[in-house]
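Dropping my_file11.csv in here (CSV, C-alpha atoms):
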```csv
chain,number,residue,atom,x,y,z
I,1,MET,CA,0.0,0.0,0.0
I,2,SER,CA,1.7,3.2,-1.1
I,3,SER,CA,-1.0,5.9,-1.6
I,4,LEU,CA,-3.5,7.4,0.8
I,5,LYS,CA,-6.3,6.3,-1.5
I,6,GLN,CA,-5.3,2.7,-1.2
I,7,LEU,CA,-4.9,3.1,2.6
I,8,SER,CA,-8.5,4.4,2.9
I,9,ARG,CA,-9.8,1.6,0.7
I,10,SER,CA,-8.2,-1.1,2.8
I,11,GLY,CA,-10.6,-2.7,5.2
I,12,PRO,CA,-10.2,-3.2,8.9
I,13,ARG,CA,-7.5,-5.5,10.1
I,14,LYS,CA,-7.3,-7.9,13.0
I,15,GLN,CA,-4.4,-8.9,15.1
I,16,THR,CA,-3.4,-12.6,14.8
I,17,TYR,CA,-0.8,-14.7,16.6
I,18,THR,CA,1.1,-17.5,14.9
I,19,PRO,CA,2.9,-20.1,17.0
I,20,ILE,CA,6.5,-20.5,16.0
I,21,LEU,CA,9.3,-22.8,17.1
I,22,ASN,CA,12.5,-21.0,18.1
I,23,ASN,CA,16.0,-22.3,17.9
I,24,PRO,CA,16.7,-24.1,21.2
I,25,PHE,CA,20.5,-23.2,21.0
I,26,THR,CA,20.3,-19.5,21.2
I,27,GLN,CA,21.0,-19.0,24.9
I,28,GLU,CA,23.7,-16.4,25.1
I,29,ALA,CA,25.0,-17.8,28.4
I,30,HIS,CA,25.8,-21.1,26.7
I,31,LEU,CA,27.4,-19.6,23.6
I,32,TRP,CA,29.5,-16.7,24.9
I,33,PRO,CA,31.4,-17.2,28.2
I,34,HIS,CA,30.5,-14.6,30.8
I,35,ILE,CA,33.6,-12.7,31.9
I,36,GLU,CA,33.1,-11.2,35.4
I,37,ASN,CA,36.2,-8.9,35.4
I,38,HIS,CA,35.8,-7.7,31.9
I,39,ARG,CA,37.6,-4.4,32.6
I,40,LEU,CA,40.8,-6.2,33.6
I,41,VAL,CA,40.6,-8.5,30.6
I,42,ALA,CA,40.0,-5.6,28.2
I,43,GLU,CA,43.0,-3.7,29.7
I,44,VAL,CA,45.2,-6.8,29.4
I,45,VAL,CA,44.2,-7.3,25.8
I,46,LYS,CA,44.6,-3.7,24.9
I,47,SER,CA,48.1,-3.4,26.4
I,48,HIS,CA,49.6,-6.8,25.6
I,49,VAL,CA,47.8,-7.8,22.4
I,50,THR,CA,46.4,-5.0,20.3
I,51,ALA,CA,49.0,-2.3,21.2
I,52,PRO,CA,52.1,-4.5,20.2
I,53,LEU,CA,50.3,-5.5,17.0
I,54,ALA,CA,49.5,-1.9,16.1
I,55,LEU,CA,53.1,-0.8,16.9
I,56,ALA,CA,54.5,-3.5,14.7
I,57,ARG,CA,52.2,-2.5,11.9
I,58,ASP,CA,53.2,1.2,12.2
I,59,LEU,CA,56.9,0.3,12.2
I,60,ARG,CA,56.3,-2.2,9.3
I,61,GLN,CA,57.9,-5.0,11.4
I,62,GLN,CA,56.9,-8.5,11.9
I,63,ALA,CA,54.3,-9.0,14.7
I,64,PRO,CA,55.8,-10.2,18.0
I,65,PHE,CA,53.4,-13.1,18.1
I,66,ASP,CA,51.3,-15.1,15.6
I,67,ALA,CA,48.0,-13.4,15.1
I,68,LEU,CA,45.3,-13.6,12.5
I,69,CYS,CA,42.7,-10.9,11.7
I,70,GLY,CA,39.5,-11.2,9.8
I,71,PHE,CA,36.7,-13.7,9.6
I,72,ASN,CA,37.9,-15.8,6.7
I,73,SER,CA,41.5,-16.4,7.9
I,74,ILE,CA,40.3,-17.2,11.4
I,75,VAL,CA,37.7,-19.7,10.2
I,76,GLN,CA,40.3,-21.3,7.9
I,77,HIS,CA,42.7,-21.7,10.8
I,78,LEU,CA,40.0,-23.2,13.1
I,79,GLU,CA,38.8,-25.6,10.4
I,80,ASN,CA,42.2,-26.9,9.6
I,81,PRO,CA,44.7,-26.0,12.4
I,82,PRO,CA,48.3,-26.6,11.5
I,83,LEU,CA,50.0,-29.5,13.2
I,84,PRO,CA,51.1,-29.6,16.0
I,85,THR,CA,48.0,-27.8,17.2
I,86,SER,CA,48.5,-25.1,19.7
I,87,PRO,CA,45.8,-23.5,21.8
I,88,VAL,CA,44.4,-20.2,20.6
I,89,PHE,CA,42.8,-17.1,22.0
I,90,LEU,CA,39.9,-15.8,19.9
I,91,PHE,CA,39.0,-12.2,20.8
I,92,VAL,CA,35.6,-11.1,19.5
I,93,CYS,CA,33.9,-7.8,19.8
I,94,ASN,CA,30.5,-9.4,19.9
I,95,LYS,CA,28.8,-6.2,21.1
I,96,ASP,CA,30.2,-4.2,18.2
I,97,VAL,CA,29.6,-6.7,15.4
I,98,ASN,CA,26.0,-6.2,14.5
I,99,SER,CA,25.4,-9.1,12.1
I,100,GLU,CA,23.8,-11.9,14.1
I,101,ILE,CA,24.3,-14.5,11.4
I,102,LEU,CA,28.1,-13.8,11.3
I,103,LEU,CA,28.4,-13.9,15.1
I,104,ALA,CA,26.4,-17.1,15.4
I,105,GLN,CA,29.0,-19.1,13.5
I,106,ILE,CA,31.8,-18.3,16.0
I,107,PRO,CA,30.9,-20.1,19.2
I,108,ILE,CA,29.9,-23.3,17.4
I,109,LEU,CA,33.2,-23.2,15.4
I,110,ALA,CA,35.2,-22.7,18.6
I,111,ARG,CA,33.6,-25.8,20.1
I,112,VAL,CA,33.9,-28.0,17.0
I,113,SER,CA,37.5,-27.0,16.2
I,114,ARG,CA,40.2,-29.5,16.9
I,115,CYS,CA,42.4,-26.9,18.6
I,116,GLN,CA,41.6,-25.6,22.1
I,117,VAL,CA,39.9,-22.3,21.7
I,118,THR,CA,39.5,-19.7,24.5
I,119,LEU,CA,36.7,-17.4,23.5
I,120,VAL,CA,37.1,-13.9,24.9
I,121,ALA,CA,34.2,-11.6,24.3
I,122,LEU,CA,35.2,-8.0,24.6
I,123,PRO,CA,33.2,-5.1,25.9
I,124,ARG,CA,31.3,-2.6,23.7
I,125,GLY,CA,33.5,-0.1,21.9
I,126,PHE,CA,36.7,-2.2,22.0
I,127,VAL,CA,36.6,-2.6,18.2
I,128,ALA,CA,38.3,0.8,17.8
I,129,ASN,CA,41.5,-0.9,19.2
I,130,PHE,CA,41.4,-3.5,16.4
I,131,ASP,CA,41.4,-0.8,13.7
I,132,ALA,CA,45.0,0.0,14.4
I,133,CYS,CA,46.0,-3.7,14.1
I,134,ASP,CA,44.3,-4.5,10.8
I,135,PRO,CA,41.7,-2.6,8.9
I,136,HIS,CA,40.0,-5.8,7.7
I,137,HIS,CA,39.5,-7.3,11.1
I,138,ASP,CA,35.6,-7.7,11.0
I,139,GLY,CA,35.7,-7.6,14.8
I,140,PHE,CA,37.7,-10.8,15.2
I,141,LEU,CA,41.3,-11.4,16.3
I,142,LEU,CA,43.0,-14.7,16.8
I,143,VAL,CA,46.2,-15.1,18.7
I,144,ILE,CA,48.1,-18.4,18.7
I,145,ASP,CA,49.3,-19.4,22.1
I,146,ASN,CA,52.8,-20.7,21.2
I,147,ASP,CA,56.3,-19.9,22.4
I,148,LYS,CA,56.1,-16.3,20.9
I,149,PHE,CA,53.2,-15.3,23.1
I,150,ASP,CA,53.8,-14.2,26.7
I,151,ARG,CA,53.1,-17.1,29.1
I,152,GLN,CA,52.0,-14.8,32.0
I,153,ILE,CA,49.5,-13.0,29.8
I,154,ALA,CA,48.1,-16.3,28.6
I,155,ALA,CA,47.8,-17.5,32.1
I,156,LYS,CA,46.1,-14.3,33.3
I,157,LEU,CA,43.6,-14.5,30.4
I,158,ARG,CA,42.8,-18.1,31.1
I,159,GLN,CA,42.3,-17.3,34.8
I,160,ASN,CA,39.8,-14.6,34.1
I,161,VAL,CA,37.9,-16.3,31.2
I,162,PRO,CA,35.7,-19.1,32.4
I,163,GLU,CA,35.9,-22.5,30.8
I,164,PRO,CA,33.1,-23.2,28.3
I,165,THR,CA,30.1,-25.0,29.8
I,166,ILE,CA,28.9,-28.3,28.6
I,167,LEU,CA,28.3,-28.5,24.9
I,168,PRO,CA,24.8,-27.1,24.3
I,169,TRP,CA,23.8,-29.9,21.9
I,170,LEU,CA,24.6,-32.6,24.4
I,171,GLN,CA,21.8,-31.5,26.6
I,172,TYR,CA,18.1,-31.7,25.7
I,173,GLU,CA,16.6,-28.2,25.6
I,174,PRO,CA,12.8,-27.9,26.0
I,175,ALA,CA,10.9,-26.4,23.0
I,176,LYS,CA,10.9,-22.6,22.9
I,177,ILE,CA,7.5,-21.7,21.5
I,178,SER,CA,6.6,-18.1,21.0
I,179,LEU,CA,3.8,-16.3,19.2
I,180,VAL,CA,4.5,-13.9,16.3
I,181,ALA,CA,2.0,-11.0,16.3
I,182,SER,CA,0.8,-10.1,12.8
I,183,THR,CA,-2.4,-8.7,11.2
I,184,THR,CA,-4.9,-10.1,8.7
I,185,PRO,CA,-7.7,-8.3,6.9
I,186,VAL,CA,-11.2,-8.9,8.5
I,187,ARG,CA,-13.5,-10.6,6.0
I,188,SER,CA,-17.1,-9.5,6.3
I,189,LYS,CA,-19.6,-12.4,6.5
I,190,GLY,CA,-22.6,-10.4,5.2
I,191,LYS,CA,-23.1,-9.9,1.5
I,192,PRO,CA,-21.5,-12.4,-0.9
I,193,VAL,CA,-19.4,-10.9,-3.6
I,194,PRO,CA,-21.6,-10.7,-6.8
I,195,LYS,CA,-20.4,-12.8,-9.7
I,196,SER,CA,-19.3,-10.9,-12.8
I,197,ARG,CA,-21.0,-12.0,-16.0
G,26,MET,CA,-17.0,-5.9,13.9
G,27,PRO,CA,-18.3,-5.9,17.6
G,28,LYS,CA,-18.6,-2.4,19.1
G,29,SER,CA,-16.7,-3.4,22.2
G,30,ALA,CA,-13.6,-4.3,20.2
G,31,LYS,CA,-10.5,-2.3,20.9
G,32,ILE,CA,-8.8,-0.6,17.9
G,33,ASP,CA,-5.3,0.7,18.1
G,34,ALA,CA,-3.8,3.8,16.4
G,35,ARG,CA,-3.1,1.8,13.2
G,36,GLY,CA,-6.8,0.8,12.9
G,37,VAL,CA,-6.1,-2.8,13.9
G,38,ILE,CA,-8.5,-4.7,16.1
G,39,VAL,CA,-6.6,-5.7,19.2
G,40,VAL,CA,-7.0,-9.3,20.3
G,41,PRO,CA,-5.3,-10.6,23.5
G,42,ALA,CA,-2.6,-13.1,23.0
G,43,PRO,CA,-3.7,-16.7,23.6
G,44,LYS,CA,-2.4,-18.4,26.8
G,45,SER,CA,-1.6,-21.7,25.1
G,46,VAL,CA,-0.9,-23.0,21.6
G,47,PRO,CA,-2.8,-25.7,19.7
G,48,ASN,CA,-1.0,-28.8,18.5
G,49,LYS,CA,1.9,-28.4,20.8
G,50,ASP,CA,3.0,-31.9,20.2
G,51,HIS,CA,4.1,-31.1,16.7
G,52,LEU,CA,6.3,-28.3,17.9
G,53,HIS,CA,7.8,-30.6,20.6
G,54,ARG,CA,8.4,-33.3,18.1
G,55,LEU,CA,10.1,-30.9,15.7
G,56,ASN,CA,12.3,-29.5,18.5
G,57,TYR,CA,13.4,-33.0,19.4
G,58,LEU,CA,14.2,-33.9,15.8
G,59,TYR,CA,16.2,-30.8,15.3
G,60,GLN,CA,18.3,-31.4,18.4
G,61,LEU,CA,18.8,-35.0,17.5
G,62,SER,CA,19.9,-34.1,14.0
G,63,ARG,CA,22.5,-31.6,15.3
G,64,PHE,CA,23.7,-34.1,18.0
G,65,GLN,CA,24.3,-36.7,15.4
G,66,ALA,CA,26.1,-34.3,13.1
G,67,VAL,CA,28.6,-33.3,15.9
G,68,VAL,CA,29.0,-36.6,17.8
G,69,ASN,CA,28.9,-39.1,15.0
G,70,ARG,CA,31.8,-37.8,13.0
G,71,THR,CA,32.9,-41.2,11.7
G,72,ASP,CA,30.1,-41.2,9.0
G,73,PRO,CA,31.1,-38.9,6.1
G,74,ASN,CA,27.6,-39.0,4.7
G,75,ASP,CA,25.9,-37.9,8.1
G,76,ALA,CA,23.2,-40.4,7.2
G,77,LEU,CA,21.5,-40.3,10.6
G,78,ALA,CA,21.7,-36.5,10.9
G,79,ARG,CA,20.2,-36.1,7.5
G,80,ALA,CA,17.5,-38.6,8.1
G,81,TYR,CA,16.4,-36.7,11.2
G,82,GLY,CA,16.6,-33.5,9.2
G,83,ALA,CA,14.5,-34.9,6.4
G,84,ASN,CA,11.9,-36.1,9.0
G,85,LEU,CA,11.8,-32.7,10.5
G,86,THR,CA,11.1,-31.0,7.2
G,87,ALA,CA,8.5,-33.6,6.2
G,88,ILE,CA,6.6,-33.2,9.5
G,89,GLN,CA,6.9,-29.4,9.4
G,90,GLN,CA,5.4,-29.3,5.9
G,91,ARG,CA,2.7,-31.8,6.6
G,92,THR,CA,1.6,-30.1,9.8
G,93,LYS,CA,2.1,-26.5,8.4
G,94,THR,CA,4.1,-25.6,11.5
G,95,ALA,CA,6.2,-22.4,11.4
G,96,LEU,CA,9.9,-22.6,12.2
G,97,ALA,CA,12.0,-19.6,13.2
G,98,PRO,CA,14.5,-18.3,10.6
G,99,SER,CA,17.3,-19.2,13.0
G,100,ILE,CA,16.4,-22.9,12.6
G,101,LYS,CA,15.8,-22.7,8.8
G,102,ARG,CA,19.2,-21.0,8.4
G,103,THR,CA,20.9,-24.0,9.9
G,104,LEU,CA,19.4,-26.7,7.7
G,105,CYS,CA,20.5,-27.5,4.2
G,106,LYS,CA,17.6,-27.4,1.8
G,107,LYS,CA,19.1,-30.0,-0.5
G,108,CYS,CA,20.6,-32.8,1.7
G,109,ARG,CA,18.7,-31.8,5.0
G,110,ARG,CA,22.0,-31.8,6.8
G,111,PRO,CA,22.3,-29.5,9.9
G,112,LEU,CA,24.8,-26.7,9.0
G,113,LEU,CA,27.4,-26.6,11.7
G,114,PRO,CA,30.4,-24.4,10.9
G,115,GLY,CA,33.6,-26.4,11.0
G,116,ALA,CA,31.8,-29.7,10.9
G,117,THR,CA,29.3,-29.8,8.0
G,118,CYS,CA,29.6,-26.3,6.4
G,119,ARG,CA,32.2,-23.8,5.4
G,120,PRO,CA,31.3,-20.2,6.3
G,121,ARG,CA,33.1,-17.5,4.3
G,122,VAL,CA,32.6,-13.7,3.9
G,123,THR,CA,32.9,-12.8,0.2
G,124,ASN,CA,32.6,-9.5,-1.7
G,125,VAL,CA,32.2,-9.7,-5.5
G,126,SER,CA,31.9,-5.9,-6.1
G,127,LYS,CA,34.6,-4.3,-8.1
G,128,ASP,CA,35.5,-1.6,-5.5
G,129,LYS,CA,34.9,-4.0,-2.5
G,130,ARG,CA,32.1,-1.9,-1.0
G,131,PRO,CA,31.3,-3.1,2.5
G,132,SER,CA,27.6,-2.9,1.7
G,133,CYS,CA,28.2,-5.8,-0.8
G,134,ASP,CA,29.5,-8.2,1.8
G,135,LEU,CA,28.0,-11.7,1.6
G,136,LEU,CA,28.2,-14.5,4.1
G,137,VAL,CA,28.3,-17.7,2.2
G,138,LEU,CA,27.6,-21.0,3.9
G,139,GLN,CA,28.7,-23.9,1.8
G,140,CYS,CA,27.3,-27.3,2.9
G,141,THR,CA,29.3,-30.5,2.5
G,142,CYS,CA,27.0,-31.3,-0.5
G,143,SER,CA,28.3,-28.1,-2.1
G,144,THR,CA,24.9,-26.3,-1.8
G,145,VAL,CA,25.4,-22.7,-0.9
G,146,LYS,CA,23.3,-20.3,1.2
G,147,ARG,CA,24.0,-16.6,0.8
G,148,PHE,CA,23.2,-13.9,3.3
G,149,PRO,CA,23.8,-10.2,2.3
G,150,ILE,CA,25.1,-9.1,5.7
G,151,GLY,CA,26.6,-5.9,4.4
G,152,ARG,CA,23.4,-4.3,3.2
G,153,ASP,CA,22.0,-3.8,6.6
G,154,ARG,CA,24.2,-5.1,9.5
G,155,SER,CA,21.4,-4.7,12.1
G,156,TYR,CA,18.7,-6.5,10.0
G,157,ARG,CA,16.6,-8.9,11.8
G,158,PRO,CA,13.7,-10.9,10.3
G,159,PHE,CA,10.1,-9.9,11.2
G,160,SER,CA,9.7,-12.9,13.5
G,161,GLU,CA,12.9,-12.2,15.4
G,162,CYS,CA,12.1,-8.6,16.2
G,163,ASP,CA,11.3,-8.3,19.9
G,164,GLU,CA,8.2,-6.1,19.3
G,165,ASN,CA,6.6,-8.8,17.2
G,166,ILE,CA,7.2,-11.7,19.6
G,167,ARG,CA,4.9,-12.7,22.5
G,168,LEU,CA,6.4,-15.3,24.8
G,169,LEU,CA,4.1,-17.8,26.3
G,170,ALA,CA,3.7,-17.6,30.1
G,171,GLY,CA,5.9,-20.5,31.2
G,172,PRO,CA,8.3,-23.0,29.8
G,173,ALA,CA,6.8,-25.4,27.4
G,174,ARG,CA,8.0,-28.5,29.1
G,175,LYS,CA,10.1,-29.2,32.2
```
Full structure transcribed into structure tokens:
Amino acid sequence: MSSLKQLSRSGPRKQTYTPILNNPFTQEAHLWPHIENHRLVAEVVKSHVTAPLALARDLRQQAPFDALCGFNSIVQHLENPPLPTSPVFLFVCNKDVNSEILLAQIPILARVSRCQVTLVALPRGFVANFDACDPHHDGFLLVIDNDKFDRQIAAKLRQNVPEPTILPWLQYEPAKISLVASTTPVRSKGKPVPKSR
Amino acid sequence: MPKSAKIDARGVIVVPAPKSVPNKDHLHRLNYLYQLSRFQAVVNRTDPNDALARAYGANLTAIQQRTKTALAPSIKRTLCKKCRRPLLPGATCRPRVTNVSKDKRPSCDLLVLQCTCSTVKRFPIGRDRSYRPFSECDENIRLLAGPARK
């Protein structure tokens, strides 16, 4: 309906409710680990991960540790991790990346991957720190926890980031049924529509 | 139209939301099949064809079509339309962000989910990053009073 004339011609509408089955695996608590001391974690990441990477990029030097930026390169690494597999830290600005479909891939990928992934969800606004590291970061940064990465920082991050809970698909979740509110035109039961000859 | 009916500002007759849902069994059955399909896809990795996961997925689709039950877009996104395999990144599908525009405009970003059977699902994520389908917007959803089943 575009014109006012069409709007005035349209009859009365009635609210309807359609039952719909929601995805049982959308609980954010299961997917993203809740970090209690998120300020400390953000400060550690800023000073020991993003700042050295930004400095190395400015000076056009090699990064002090192995890091990957961008969705595609991170997904490729998690799908086929190079042997021997080393644990990784996956930093995600999940509050800044708006695309829900893109974000929904990450927690499942982290659980399914053969390498041990520590998922670190960063607070809102942290994505500005990623810009200095790599312009094509998409809100994701992966750091490989090998000999090049500081052991103390890795231990501090692991201490503050909780271990992932039980795999969500190993537990039966009850059906999440909700109603979608929509409208339908009200049909008058009075006069039947005359047949055109 | 009865005179006592409430009409809102848009001229829509307001009807209170029902407290229960008819044919709940179908929804419970579909939910169980969906979870079973995903479980088999993750746990039973020895079978390259994912036969059991696909069988449950096909069952789910058949029952959904026969009973005309609505599924949320978040469920439909995670099922392959061709082989009925549950799409799990890293296990049964390959997610990639592509951009085929000449000047690589961010608005042309596409999320491509390629299933093991090589079927592709494309989502234009760059056009509107905050896009949510109608049935996922909070203002259009009314939750039922309690949990469906304990």
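The gap separating atom CA of I:Trp32 from atom CA of G:Arg167 is 25.0 Å, in Å to one decimal.
Omitting I:Ile35 and its sequence neighbours fewer than 6 positions away, and counting only C-alpha atoms, the residues within 8 Å are Val120, Ala121, Asn160, Val161 and Pro162 of chain I.
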Could the residues of chain I that have an atom at most 9 Å from chain G be listed as a Markdown table, each with its closest atom pair and the distance in Å to one decimal, counting only C-alpha atoms and ordered by chain and ascending residue number?
```
| residue | atom | partner | partner_atom | distance |
| --- | --- | --- | --- | --- |
| I:Pro12 | CA | G:Val37 | CA | 6.5 |
| I:Arg13 | CA | G:Val37 | CA | 4.9 |
| I:Lys14 | CA | G:Ile38 | CA | 4.6 |
| I:Gln15 | CA | G:Val39 | CA | 5.6 |
| I:Thr16 | CA | G:Val40 | CA | 7.4 |
| I:Tyr17 | CA | G:Ala42 | CA | 6.8 |
| I:Thr18 | CA | G:Ala95 | CA | 7.9 |
| I:Pro19 | CA | G:Val46 | CA | 6.6 |
| I:Ile20 | CA | G:Ala95 | CA | 5.0 |
| I:Leu21 | CA | G:Leu96 | CA | 4.9 |
| I:Asn22 | CA | G:Ala97 | CA | 5.1 |
| I:Asn23 | CA | G:Ile100 | CA | 5.3 |
| I:Pro24 | CA | G:Asn56 | CA | 7.5 |
| I:Phe25 | CA | G:Gln60 | CA | 8.9 |
| I:Thr26 | CA | G:Ser99 | CA | 8.7 |
| I:Phe71 | CA | G:Val122 | CA | 7.0 |
| I:Asn72 | CA | G:Arg121 | CA | 5.6 |
| I:Val75 | CA | G:Pro120 | CA | 7.5 |
| I:Gln76 | CA | G:Arg119 | CA | 8.8 |
| I:Leu78 | CA | G:Gly115 | CA | 7.5 |
| I:Glu79 | CA | G:Gly115 | CA | 5.3 |
| I:Asn80 | CA | G:Gly115 | CA | 8.7 |
| I:Val97 | CA | G:Arg154 | CA | 8.2 |
| I:Asn98 | CA | G:Ser155 | CA | 5.4 |
| I:Ser99 | CA | G:Arg154 | CA | 4.9 |
| I:Glu100 | CA | G:Ser155 | CA | 7.8 |
| I:Ile101 | CA | G:Ile150 | CA | 7.9 |
| I:Leu102 | CA | G:Leu136 | CA | 7.2 |
| I:Gln105 | CA | G:Pro114 | CA | 6.1 |
| I:Ile106 | CA | G:Pro114 | CA | 8.1 |
| I:Ile108 | CA | G:Pro114 | CA | 6.6 |
| I:Leu109 | CA | G:Pro114 | CA | 5.4 |
| I:Ala110 | CA | G:Gly115 | CA | 8.6 |
| I:Val112 | CA | G:Gly115 | CA | 6.2 |
| I:Ser113 | CA | G:Gly115 | CA | 6.5 |
| I:Trp169 | CA | G:Phe64 | CA | 5.7 |
| I:Leu170 | CA | G:Phe64 | CA | 6.6 |
| I:Gln171 | CA | G:Gln60 | CA | 8.9 |
| I:Tyr172 | CA | G:Gln60 | CA | 7.3 |
| I:Glu173 | CA | G:Gln60 | CA | 8.1 |
| I:Pro174 | CA | G:Arg174 | CA | 5.7 |
| I:Ala175 | CA | G:Asn56 | CA | 5.6 |
| I:Lys176 | CA | G:Ala173 | CA | 6.7 |
| I:Ile177 | CA | G:Ala173 | CA | 7.0 |
| I:Ser178 | CA | G:Leu168 | CA | 4.7 |
| I:Leu179 | CA | G:Arg167 | CA | 5.0 |
| I:Val180 | CA | G:Ile166 | CA | 4.8 |
| I:Ala181 | CA | G:Asn165 | CA | 5.2 |
| I:Ser182 | CA | G:Asn165 | CA | 7.4 |
| I:Thr183 | CA | G:Val37 | CA | 7.5 |
| I:Val186 | CA | G:Met26 | CA | 8.5 |
| I:Ser188 | CA | G:Met26 | CA | 8.4 |
```
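Counting only C-alpha atoms, the residue from I:Pro123, I:Pro185, I:Pro33, I:Gly139 that sits nearest to I:Gly11 is I:Pro185.
Atom pair atom CA of G:Gly82 / atom CA of G:Arg147 has a distance of 20.3 Å (rounded to one decimal).
With atom CA of G:Lys107 on one side and atom CA of G:Ser132 on the other, the separation reads 28.5 Å.
The shell of residues at most 12 Å from G:Pro73, with all atoms listed in the file counted and near chain neighbours (fewer than 4 positions) removed, consists of Gln65, Ala66, Val67, Asn69, Leu77, Ala78, Arg79, Arg110, Ala116, Thr117, Thr141 and Cys142 of chain G.
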Expected file: the selected residues, C-alpha atoms, as a short mmCIF file (atom, residue, chain, number, x, y, z; two decimals), in the coordinates of the input:
```
data_model
loop_
_atom_site.label_atom_id
_atom_site.label_comp_id
_atom_site.auth_asym_id
_atom_site.auth_seq_id
_atom_site.Cartn_x
_atom_site.Cartn_y
_atom_site.Cartn_z
CA GLN G 65 24.30 -36.70 15.40
CA ALA G 66 26.10 -34.30 13.10
CA VAL G 67 28.60 -33.30 15.90
CA ASN G 69 28.90 -39.10 15.00
CA LEU G 77 21.50 -40.30 10.60
CA ALA G 78 21.70 -36.50 10.90
CA ARG G 79 20.20 -36.10 7.50
CA ARG G 110 22.00 -31.80 6.80
CA ALA G 116 31.80 -29.70 10.90
CA THR G 117 29.30 -29.80 8.00
CA THR G 141 29.30 -30.50 2.50
CA CYS G 142 27.00 -31.30 -0.50
#
```
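Residue nearest I:Leu122 within the list I:His136, I:Lys95, I:His48, I:Lys156: I:Lys95 [criterion: smallest interatomic distance, all atoms listed in the file].
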Using all atoms listed in the file, the residue out of I:Arg187, I:Leu59, I:Phe91, I:Asp145 with shortest distance to I:Val41 is I:Phe91
Please complete stretch 138-152 of chain G with N, CA and C atoms and give it back as a CSV table (one decimal), in the frame of the given file.
```csv
chain,number,residue,atom,x,y,z
G,138,LEU,N,27.5,-19.8,3.2
G,138,LEU,CA,27.6,-21.0,3.9
G,138,LEU,C,27.5,-22.1,2.9
G,139,GLN,N,28.6,-22.8,2.8
G,139,GLN,CA,28.7,-23.9,1.8
G,139,GLN,C,28.6,-25.2,2.5
G,140,CYS,N,27.6,-26.0,2.2
G,140,CYS,CA,27.3,-27.3,2.9
G,140,CYS,C,28.3,-28.3,2.3
G,141,THR,N,28.4,-29.4,3.0
G,141,THR,CA,29.3,-30.5,2.5
G,141,THR,C,28.8,-31.0,1.1
G,142,CYS,N,27.5,-30.9,0.8
G,142,CYS,CA,27.0,-31.3,-0.5
G,142,CYS,C,27.1,-30.3,-1.5
G,143,SER,N,27.9,-29.2,-1.2
G,143,SER,CA,28.3,-28.1,-2.1
G,143,SER,C,27.1,-27.2,-2.4
G,144,THR,N,26.0,-27.3,-1.7
G,144,THR,CA,24.9,-26.3,-1.8
G,144,THR,C,25.3,-25.1,-1.0
G,145,VAL,N,24.9,-23.9,-1.5
G,145,VAL,CA,25.4,-22.7,-0.9
G,145,VAL,C,24.2,-21.9,-0.5
G,146,LYS,N,24.3,-21.3,0.7
G,146,LYS,CA,23.3,-20.3,1.2
G,146,LYS,C,24.0,-19.0,1.3
G,147,ARG,N,23.4,-17.9,0.8
G,147,ARG,CA,24.0,-16.6,0.8
G,147,ARG,C,23.2,-15.6,1.6
G,148,PHE,N,23.9,-14.9,2.5
G,148,PHE,CA,23.2,-13.9,3.3
G,148,PHE,C,23.9,-12.5,3.1
G,149,PRO,N,23.1,-11.6,2.5
G,149,PRO,CA,23.8,-10.2,2.3
G,149,PRO,C,23.9,-9.5,3.6
G,150,ILE,N,25.0,-9.7,4.3
G,150,ILE,CA,25.1,-9.1,5.7
G,150,ILE,C,25.5,-7.7,5.6
G,151,GLY,N,26.1,-7.3,4.4
G,151,GLY,CA,26.6,-5.9,4.4
G,151,GLY,C,25.6,-4.9,4.1
G,152,ARG,N,24.5,-5.3,3.6
G,152,ARG,CA,23.4,-4.3,3.2
G,152,ARG,C,22.8,-3.6,4.4
```
